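Only one structure is covered here, and it is reproduced in the block below.
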Amino acid sequence: MKSRNFKSLLTLGLLSSLTLAACGADEGSDTASSSGSKEDYSIIMVTDVGGVDDKSFNQSAWEGMEAWGEEHGLEKGPDGYNYIQSDEDSQFVTNLNTAVNNNFDLIFGIGFKLQPAMTDVAAQKPDQKFVIIDDQIKADNVASVLFKDHEAAFLAGVAAAETTETDHVGFIGGQESAVIDRFEAGFVAGVKQVNPDIKIDVEYAGSFGDAALGKQLAAAMYSSGADIIYHASGDTGNGVFSEAIDRMNSNPDQKLWVIGVDRDQTAEGEYDGGNLTLTSTLKGVGQAVQDIANASMEGNFPGGEVSNFGLAEDSVGITDGALSEDVIKSVEDYKQQIIDGDITVPEAP
Amino acid sequence: MTNRKDTLNNLLVPLLSVVMGFVLGAIIMVIFGYNPIDGYSAMINGAFGSSFYIGETLRQATPLILTALGFSVAYNAGFFNIGVAGQALLGWLCSVWVANIFSDLPGLILLPLSILGGVLAGALWAGIAGFLRAYFNTSEVIVTIMLNYTALYTTNYLIRNVLTDSADATPRISEGASLRAGWLTELTSNSTLHAGIFISLAMAIIVWFLMKKTTSGFEIRTVGLNPSAAEYAGMSSKRTIIISMLISGGLAGLGGVMEGLGNFQNIFTQGAMPTIGFDGMAVALLGLSNPVGIIFSAILFGALKIGGNSMPMISGVPTEVVDIVIASIIFFVGANYLIRYFIDKRARVNKGGVK
């Protein structure tokens with residue numbers, strides 16, 4: 001029995017190595033032909049965990065790339081703009097290198113999760129230009145882009161505090177992290193600014209991709225009396241919308257709201273009796289992507305610089321959505337105070 | 001004669017399941033209007049096309065070999081250790097933790113110490129399930145599944161509150177604790193391949209020796225085949241259960257160490273269980289729970305993952321279809337286990353008739 005198993009394994013091993021060797025040999029010719037010369041500028045983004053259809057962060061970056069492509073008459077593909085989706089953290093280094101190997105002029109890393117991987121790859125490829133969104137990398141070939149998410153979240157807090165009828169609102173975060181801390185801190189500060197007595201539930205899903213858990217957390221918050229939930233949780237937030245829609249459909253007399261994140265999420269709030277997206281905080285990721293791509297194309301790549309975009313730069317903000325006239329006026333008022341520096345919004349809870 | 005037939009079956013079933021997986025994947029690509037030859041050549045190119053990709057494929061295979069070995073030890077003893085993912089995560093956590101606490105020690109002491117920390121963490125975590133199984137006859141499947149969640153949330157809590165001051169990731173480990181080796185990085189044009197691959201291969205040999213050549217290994221296999229007979233023959237099944245779970249968890253923990261000290265050089269908050277756990281189980285099943293088979297199936301899995309990343313870029317096959325292709329291959333690996341089960345059952349009936 002012993003020798004039989006060993007023999008079978010040996011054969012398996014030999015066969016596999018032969019197959020692998022054959023595959024390897026096949027491929028040599030392919031690599032040479034796939035890299036061609038190009039005159040046009042090409043850009044590519046590597047997503048953090050999630051696709052370019054996450055209705056949130058990655059999607060807004062991708063929309064910026066599509067807008068850039070349209071502006072210059074370029075197509076999705078190896079010579080225009082493209083994306084590589086990461087499904088887990090261990091793929092970041094591979095994906096960034098794949099982007100480098102395919103001769104893209106500018107490589108975007110969408111999200112703080114790519115920071116360590118991009119730091120390494122950028123150091124190994126000093127001639128390649130990189131952009132990191134939502135984090136910083138100190139290197140001459142990397143441009144860092146930060147957003148003052150807390151300023152937009154503050155305005156969302158103001159809007160929620162002035163709209164709530166139960167004096168009870170909720171916040172659902174994705175993964176606990178420095179970026180989502182900004183959203184939470186800003187939102188809480190905004191609510192407290194208007195009325196310190198409003199109760200705020202804060203929960204984290206631990207993931208940006210768990211819509212089922214988002215639905216559960218939202219159910220618990222709505223059941224305990226909250227009538228507005230602000231989510232900063234990517235795909236997880238789609239569960240929050242789904243729960244609110246279910247509740248509004250079964251009992252149209254109550255009034256529940258969701259505040260969207262990163263892009264205008266009005267479409268996600270559609271239900272039979274109207275729309276329950278109160279407003280959405282905006283994060284100009286797409287615009288930033290487009291601007292930096294254009295600047296680099298003209299030879300003005302902001303390498304080594306850290307851009308910090310906030311309300312003053314009009315890079316973050318909130319939509320009017322379903323807000324009442326009074327609330328919009330009040331939000332504008334606070335916005336001006338933040339821009340003038342009269343109010344400083346905290347970055348950490 | 002039956003022996004030769006068995007050998008053929010042993011070999012054919014896993015190879016066929018891989019081939020069938022690739023064929024189904026090709027059919028799916030055709031249905032969605034993509035050229036499967038382009039798709040697969042992009043995949044193979046993306047896994048073995050350059051020294052960088054070969055390095056990445058081997059790096060992906062490194063922890064898989066260890067988690068698969070871990071799963072196979074418990075499997076040989078008759079247990080389904082679903083908890084390899086959780087044990088690997090704790091191994092990852094503790095190796096980085098130890099490396100950060102004692103970062104001033106010279107590498108010669110620090111590296112083995114950090115590795116040991118990870119191995120012990122994985123072993124103890126699996127030992128909980130082993131102990132409960134041995135003394136209270138609880139289902140190790142349910143206990144290890146629950147321990148996976150416990151491991152995930154405990155790890156995230158510790159990273160945020162104990163290892164760091166509410167940051168998402170720990171600082172990088174010091175040079176001394178790293179498994180990265182300059183010559184390997186250079187050889188594979190800056191891939192993340194690290195010296196852990198040698199540890200994995202060495203462990204494969206050690207596990208083979210342990211299971212086939214030592215008394216403990218014999219006891220583990222005997223308990224797996226028939227616990228009552230083992231007890232009757234004077235072996236302590238309680239002791240064997242606990243030992244096999246400790247070894248299983250220790251190997252899984254070592255798989256996590258590869259991520260901590262080799263691949264990532266730190267640990268960060270996780271949104272889900274690390275995939276090396278469940279992929280490791282599939283690798284073990286495809287590799288027939290045998291160390292040599294595991295090495296090759298781990299490399300296959302590494303190639304699928306790393307090569308799959310290149311498919312959307314090069315051939316235009318969307319990521320979702322790539323995932324379906326990979327899943328269909330894994331599906332046939334699972335089906336292989338079912339097919340094998342039925343073949344074995346039939347063979348056993350036939351054999352019984354002859355003897």
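A note on labels: chains of the structure tokens are A, B, ... as shown, every chain counts residues from 1, and ligands are counted from 1 in their shown order.
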
Using only C-alpha atoms, tabulate the residues of chain B lying at most 7 Å from any atom of chain A, each with its closest atom pair and that distance in Å to one decimal, by chain and increasing residue number, as JSON lines.
```
{"residue": "B:Thr7", "atom": "CA", "partner": "A:Ser8", "partner_atom": "CA", "distance": 5.5}
{"residue": "B:Asn10", "atom": "CA", "partner": "A:Ser8", "partner_atom": "CA", "distance": 6.9}
{"residue": "B:Leu11", "atom": "CA", "partner": "A:Leu12", "partner_atom": "CA", "distance": 6.2}
{"residue": "B:Ile44", "atom": "CA", "partner": "A:Cys23", "partner_atom": "CA", "distance": 6.8}
{"residue": "B:Asn45", "atom": "CA", "partner": "A:Glu27", "partner_atom": "CA", "distance": 5.6}
{"residue": "B:Phe48", "atom": "CA", "partner": "A:Gly24", "partner_atom": "CA", "distance": 5.7}
{"residue": "B:Gly49", "atom": "CA", "partner": "A:Glu27", "partner_atom": "CA", "distance": 5.7}
{"residue": "B:Ala167", "atom": "CA", "partner": "A:Ser177", "partner_atom": "CA", "distance": 6.3}
{"residue": "B:Asp168", "atom": "CA", "partner": "A:Ser177", "partner_atom": "CA", "distance": 5.2}
{"residue": "B:Gly271", "atom": "CA", "partner": "A:Ser207", "partner_atom": "CA", "distance": 4.6}
{"residue": "B:Val292", "atom": "CA", "partner": "A:Leu9", "partner_atom": "CA", "distance": 6.5}
{"residue": "B:Gly293", "atom": "CA", "partner": "A:Leu9", "partner_atom": "CA", "distance": 6.3}
{"residue": "B:Phe296", "atom": "CA", "partner": "A:Gly13", "partner_atom": "CA", "distance": 6.8}
{"residue": "B:Asn309", "atom": "CA", "partner": "A:Asn95", "partner_atom": "CA", "distance": 6.9}
{"residue": "B:Met313", "atom": "CA", "partner": "A:Ile84", "partner_atom": "CA", "distance": 6.8}
```

Next, dump the selected residues to file, keeping only C-alpha atoms, as an mmCIF file, in the first residue's frame.
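And here's part_20.cif as it stands now:
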```cif
data_model
loop_
_atom_site.group_PDB
_atom_site.id
_atom_site.type_symbol
_atom_site.label_atom_id
_atom_site.label_comp_id
_atom_site.auth_asym_id
_atom_site.auth_seq_id
_atom_site.Cartn_x
_atom_site.Cartn_y
_atom_site.Cartn_z
ATOM 1 C CA THR B 7 -3.077 3.658 -8.776
ATOM 2 C CA ASN B 10 -5.779 7.733 -7.726
ATOM 3 C CA LEU B 11 -4.103 9.604 -10.500
ATOM 4 C CA ILE B 44 -1.028 30.834 -18.062
ATOM 5 C CA ASN B 45 1.015 33.816 -19.137
ATOM 6 C CA PHE B 48 4.244 31.563 -15.489
ATOM 7 C CA GLY B 49 4.964 34.139 -18.217
ATOM 8 C CA ALA B 167 -4.942 52.070 13.286
ATOM 9 C CA ASP B 168 -5.874 49.600 10.545
ATOM 10 C CA GLY B 271 -12.965 42.062 6.314
ATOM 11 C CA VAL B 292 3.568 15.484 -2.728
ATOM 12 C CA GLY B 293 0.092 15.805 -4.207
ATOM 13 C CA PHE B 296 1.458 20.264 -6.930
ATOM 14 C CA ASN B 309 -5.696 38.392 -12.181
ATOM 15 C CA MET B 313 -6.659 42.973 -18.538
#
```

Practice item. Write out as an NGL selection string the residues lying within 7 Å of Leu286 of chain B, counting only C-alpha atoms and excluding same-chain residues fewer than 6 positions away. Key: :B and (14 or 297 or 333)

File of the preceding selection, C-alpha atoms, as a JSON list (two decimals), in the first residue's frame:
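Heads up, here's the output in selection.json:
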```json
[["chain", "number", "residue", "atom", "x", "y", "z"],
["B", 14, "PRO", "CA", -7.71, 14.53, -9.64],
["B", 297, "SER", "CA", -2.15, 21.16, -6.28],
["B", 333, "VAL", "CA", -12.18, 19.16, -7.08]]
```

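Among B:Val98, B:Ile145, B:Ile276, B:Leu300, the residue with the shortest atom-to-atom distance to Ile115 of chain B, counting only C-alpha atoms, is B:Val98.
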
**Study point:** DSSP alpha helix (DSSP H) selection over segment 9-86 of chain B, as a VMD selection string
**Key:** chain B and resid 9 to 31 36 to 48 51 to 76 84 to 86

Exercise for review: Using backbone DSSP assignments, extract all strand (DSSP E) residues from segment 102-236 of chain A; output them as number ranges by chain.
Suggested key: A: 106-110, 129-133, 142-147, 168-173, 199-204, 228-232

**Study point:** Surrounding residues of Val84 of chain B excluding itself and chain neighbours under 4 positions, 9 Å, only C-alpha atoms, as a list in words
**Key:** Thr67, Ala68, Gly70, Phe71, Ala88, Leu89, Gly122, Ala126, Thr144, Asn148, Ser248, Gly249, Leu251, Ala252, Gly253, Ile276, Gly277, Phe278, Gly280 and Met281 of chain B

Residue selection dump (N, CA and C atoms) as a PDB file, in the first residue's frame:
```
ATOM      1  N   THR B  67      -1.346  25.171   4.911  1.00  0.00           N
ATOM      2  CA  THR B  67      -2.713  24.993   5.404  1.00  0.00           C
ATOM      3  C   THR B  67      -3.277  23.656   4.909  1.00  0.00           C
ATOM      4  N   ALA B  68      -2.898  23.266   3.684  1.00  0.00           N
ATOM      5  CA  ALA B  68      -3.372  21.981   3.160  1.00  0.00           C
ATOM      6  C   ALA B  68      -2.767  20.820   3.944  1.00  0.00           C
ATOM      7  N   GLY B  70      -1.862  20.945   7.016  1.00  0.00           N
ATOM      8  CA  GLY B  70      -2.552  20.976   8.293  1.00  0.00           C
ATOM      9  C   GLY B  70      -3.903  20.282   8.202  1.00  0.00           C
ATOM     10  N   PHE B  71      -4.648  20.626   7.161  1.00  0.00           N
ATOM     11  CA  PHE B  71      -5.957  20.003   6.981  1.00  0.00           C
ATOM     12  C   PHE B  71      -5.808  18.494   6.809  1.00  0.00           C
ATOM     13  N   ALA B  88      -4.865  29.850  10.896  1.00  0.00           N
ATOM     14  CA  ALA B  88      -3.877  30.578  10.097  1.00  0.00           C
ATOM     15  C   ALA B  88      -3.875  32.052  10.479  1.00  0.00           C
ATOM     16  N   LEU B  89      -5.069  32.619  10.680  1.00  0.00           N
ATOM     17  CA  LEU B  89      -5.163  34.046  11.026  1.00  0.00           C
ATOM     18  C   LEU B  89      -4.467  34.316  12.358  1.00  0.00           C
ATOM     19  N   GLY B 122      -1.590  28.839  16.390  1.00  0.00           N
ATOM     20  CA  GLY B 122      -2.452  27.998  15.565  1.00  0.00           C
ATOM     21  C   GLY B 122      -2.730  26.667  16.242  1.00  0.00           C
ATOM     22  N   ALA B 126      -6.463  25.245  17.493  1.00  0.00           N
ATOM     23  CA  ALA B 126      -7.031  23.971  17.037  1.00  0.00           C
ATOM     24  C   ALA B 126      -7.150  22.997  18.196  1.00  0.00           C
ATOM     25  N   THR B 144     -14.922  24.251  15.197  1.00  0.00           N
ATOM     26  CA  THR B 144     -13.904  25.005  14.449  1.00  0.00           C
ATOM     27  C   THR B 144     -14.537  26.119  13.614  1.00  0.00           C
ATOM     28  N   ASN B 148     -13.547  30.035  14.036  1.00  0.00           N
ATOM     29  CA  ASN B 148     -13.129  30.906  12.934  1.00  0.00           C
ATOM     30  C   ASN B 148     -13.622  32.326  13.154  1.00  0.00           C
ATOM     31  N   SER B 248      -2.216  19.718  13.217  1.00  0.00           N
ATOM     32  CA  SER B 248      -3.000  20.346  12.162  1.00  0.00           C
ATOM     33  C   SER B 248      -3.031  21.868  12.334  1.00  0.00           C
ATOM     34  N   GLY B 249      -3.349  22.310  13.562  1.00  0.00           N
ATOM     35  CA  GLY B 249      -3.419  23.741  13.823  1.00  0.00           C
ATOM     36  C   GLY B 249      -2.063  24.407  13.732  1.00  0.00           C
ATOM     37  N   LEU B 251       0.405  23.579  11.789  1.00  0.00           N
ATOM     38  CA  LEU B 251       0.738  23.763  10.370  1.00  0.00           C
ATOM     39  C   LEU B 251      -0.079  24.906   9.771  1.00  0.00           C
ATOM     40  N   ALA B 252      -1.365  24.966  10.142  1.00  0.00           N
ATOM     41  CA  ALA B 252      -2.195  26.067   9.642  1.00  0.00           C
ATOM     42  C   ALA B 252      -1.641  27.397  10.136  1.00  0.00           C
ATOM     43  N   GLY B 253      -1.235  27.426  11.425  1.00  0.00           N
ATOM     44  CA  GLY B 253      -0.646  28.641  11.977  1.00  0.00           C
ATOM     45  C   GLY B 253       0.608  29.041  11.216  1.00  0.00           C
ATOM     46  N   ILE B 276      -6.580  31.692   2.433  1.00  0.00           N
ATOM     47  CA  ILE B 276      -5.654  30.554   2.436  1.00  0.00           C
ATOM     48  C   ILE B 276      -6.246  29.376   3.199  1.00  0.00           C
ATOM     49  N   GLY B 277      -7.167  29.638   4.120  1.00  0.00           N
ATOM     50  CA  GLY B 277      -7.762  28.561   4.897  1.00  0.00           C
ATOM     51  C   GLY B 277      -8.615  27.643   4.044  1.00  0.00           C
ATOM     52  N   PHE B 278      -9.617  28.225   3.393  1.00  0.00           N
ATOM     53  CA  PHE B 278     -10.536  27.378   2.635  1.00  0.00           C
ATOM     54  C   PHE B 278      -9.898  26.873   1.349  1.00  0.00           C
ATOM     55  N   GLY B 280      -6.845  26.133   1.142  1.00  0.00           N
ATOM     56  CA  GLY B 280      -5.978  25.051   1.619  1.00  0.00           C
ATOM     57  C   GLY B 280      -6.736  23.737   1.728  1.00  0.00           C
ATOM     58  N   MET B 281      -8.004  23.813   2.154  1.00  0.00           N
ATOM     59  CA  MET B 281      -8.798  22.587   2.246  1.00  0.00           C
ATOM     60  C   MET B 281      -9.011  21.987   0.862  1.00  0.00           C
TER      61      MET B 281
END
```

Each residue of segment 125-168 of chain B lying at most 10 Å from segment 229-245 of chain B should get a row with its shortest atom-to-atom pair and the distance in Å to one decimal, counting only C-alpha atoms; could you produce that, ordered by chain and increasing number, as a Markdown table?
```
| residue | atom | partner | partner_atom | distance |
| --- | --- | --- | --- | --- |
| B:Trp125 | CA | B:Met245 | CA | 9.2 |
| B:Ala126 | CA | B:Met245 | CA | 5.7 |
| B:Gly127 | CA | B:Met245 | CA | 5.7 |
| B:Ile128 | CA | B:Met245 | CA | 8.7 |
| B:Ala129 | CA | B:Met245 | CA | 7.6 |
| B:Gly130 | CA | B:Ile242 | CA | 4.7 |
| B:Phe131 | CA | B:Ile242 | CA | 5.8 |
| B:Leu132 | CA | B:Ile242 | CA | 9.0 |
| B:Arg133 | CA | B:Ile241 | CA | 7.6 |
| B:Ala134 | CA | B:Lys238 | CA | 4.8 |
| B:Tyr135 | CA | B:Lys238 | CA | 7.1 |
| B:Asn137 | CA | B:Lys238 | CA | 9.9 |
| B:Glu140 | CA | B:Met245 | CA | 9.7 |
```

Can you write just those residues out, N, CA and C atoms, as a tab-separated table (two decimals), in the first residue's frame?
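Okay, again08.tsv is ready:
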```tsv
chain	number	residue	atom	x	y	z
B	125	TRP	N	-5.14	27.03	19.20
B	125	TRP	CA	-6.51	27.33	18.74
B	125	TRP	C	-7.19	26.05	18.26
B	126	ALA	N	-6.46	25.25	17.49
B	126	ALA	CA	-7.03	23.97	17.04
B	126	ALA	C	-7.15	23.00	18.20
B	127	GLY	N	-6.23	23.13	19.17
B	127	GLY	CA	-6.25	22.24	20.33
B	127	GLY	C	-7.54	22.34	21.12
B	128	ILE	N	-8.14	23.55	21.13
B	128	ILE	CA	-9.42	23.72	21.83
B	128	ILE	C	-10.44	22.74	21.25
B	129	ALA	N	-10.53	22.73	19.91
B	129	ALA	CA	-11.50	21.83	19.26
B	129	ALA	C	-11.11	20.37	19.50
B	130	GLY	N	-9.80	20.08	19.49
B	130	GLY	CA	-9.35	18.71	19.72
B	130	GLY	C	-9.69	18.24	21.11
B	131	PHE	N	-9.45	19.11	22.09
B	131	PHE	CA	-9.74	18.78	23.48
B	131	PHE	C	-11.23	18.51	23.68
B	132	LEU	N	-12.06	19.40	23.13
B	132	LEU	CA	-13.51	19.24	23.29
B	132	LEU	C	-13.99	17.96	22.63
B	133	ARG	N	-13.37	17.65	21.48
B	133	ARG	CA	-13.74	16.44	20.77
B	133	ARG	C	-13.35	15.20	21.58
B	134	ALA	N	-12.14	15.22	22.14
B	134	ALA	CA	-11.62	14.04	22.82
B	134	ALA	C	-12.39	13.77	24.11
B	135	TYR	N	-12.69	14.83	24.87
B	135	TYR	CA	-13.27	14.60	26.19
B	135	TYR	C	-14.78	14.75	26.24
B	137	ASN	N	-16.71	14.77	23.16
B	137	ASN	CA	-17.25	14.27	21.91
B	137	ASN	C	-18.09	15.31	21.15
B	140	GLU	N	-16.22	18.50	15.90
B	140	GLU	CA	-15.10	19.41	15.63
B	140	GLU	C	-15.45	20.35	14.48
```

Check your understanding: What's the 8 Å shell around segment 318-324 of chain B, counting only C-alpha atoms, without same-chain residues fewer than 2 positions away, as a PyMOL selection string?
Key -> (chain A and resi 85) or (chain B and resi 25+28-29+308-309+311-312+316+326-328)

Check your understanding: Taking into account only C-alpha atoms, which residue in the set A:Gly80, A:Ile133, A:Lys199, A:Asp105 is nearest to Gly299 of chain A?
Key -> A:Asp105

Practice item. Quick one: everything within 9 Å of Ser144 of chain A, counting only C-alpha atoms, minus sequence neighbours fewer than 4 positions away in the same chain. Send it as number ranges by chain. Key: A: 130-138, 302-308

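For the pair atom CA of Asp253 of chain A and atom CA of Ala220 of chain A, the interatomic distance is 19.1 Å.
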
Point to revise | Near-segment 232-236 of chain A list (7 Å; only C-alpha atoms; drop same-chain fewer than 5 positions) as a ChimeraX atom specification | key: /A:54,56-57,172-174,180,183,208-211,214,261

Please produce a file of those selected residues containing C-alpha atoms, as a CSV table (one decimal), in the first residue's frame.
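And here is the file that came out, out12.csv:
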```csv
chain,number,residue,atom,x,y,z
A,54,ASP,CA,-19.8,49.0,-6.0
A,56,SER,CA,-19.7,53.9,-4.3
A,57,PHE,CA,-16.0,54.6,-4.0
A,172,ILE,CA,-23.1,52.4,9.9
A,173,GLY,CA,-19.4,52.2,8.9
A,174,GLY,CA,-17.6,49.6,6.8
A,180,ILE,CA,-14.1,55.8,8.1
A,183,PHE,CA,-16.8,60.0,8.4
A,208,PHE,CA,-17.2,47.0,2.7
A,209,GLY,CA,-18.8,44.1,0.9
A,210,ASP,CA,-21.3,42.6,3.3
A,211,ALA,CA,-24.8,43.8,2.2
A,214,GLY,CA,-25.6,46.0,6.5
A,261,VAL,CA,-22.0,58.2,0.6
```

**Study point:** Pairwise distance for atom CA of Phe198 of chain B and atom CA of Trp97 of chain B, rounded to one decimal in Å
**Key:**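 That distance, rounded to one decimal, is 22.9 Å.
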
Review point. Hey, which of B:Val141, B:Thr150, B:Ile101, B:Ala282 ends up closest to Phe332 of chain B? Count only C-alpha atoms.
Key: B:Ala282
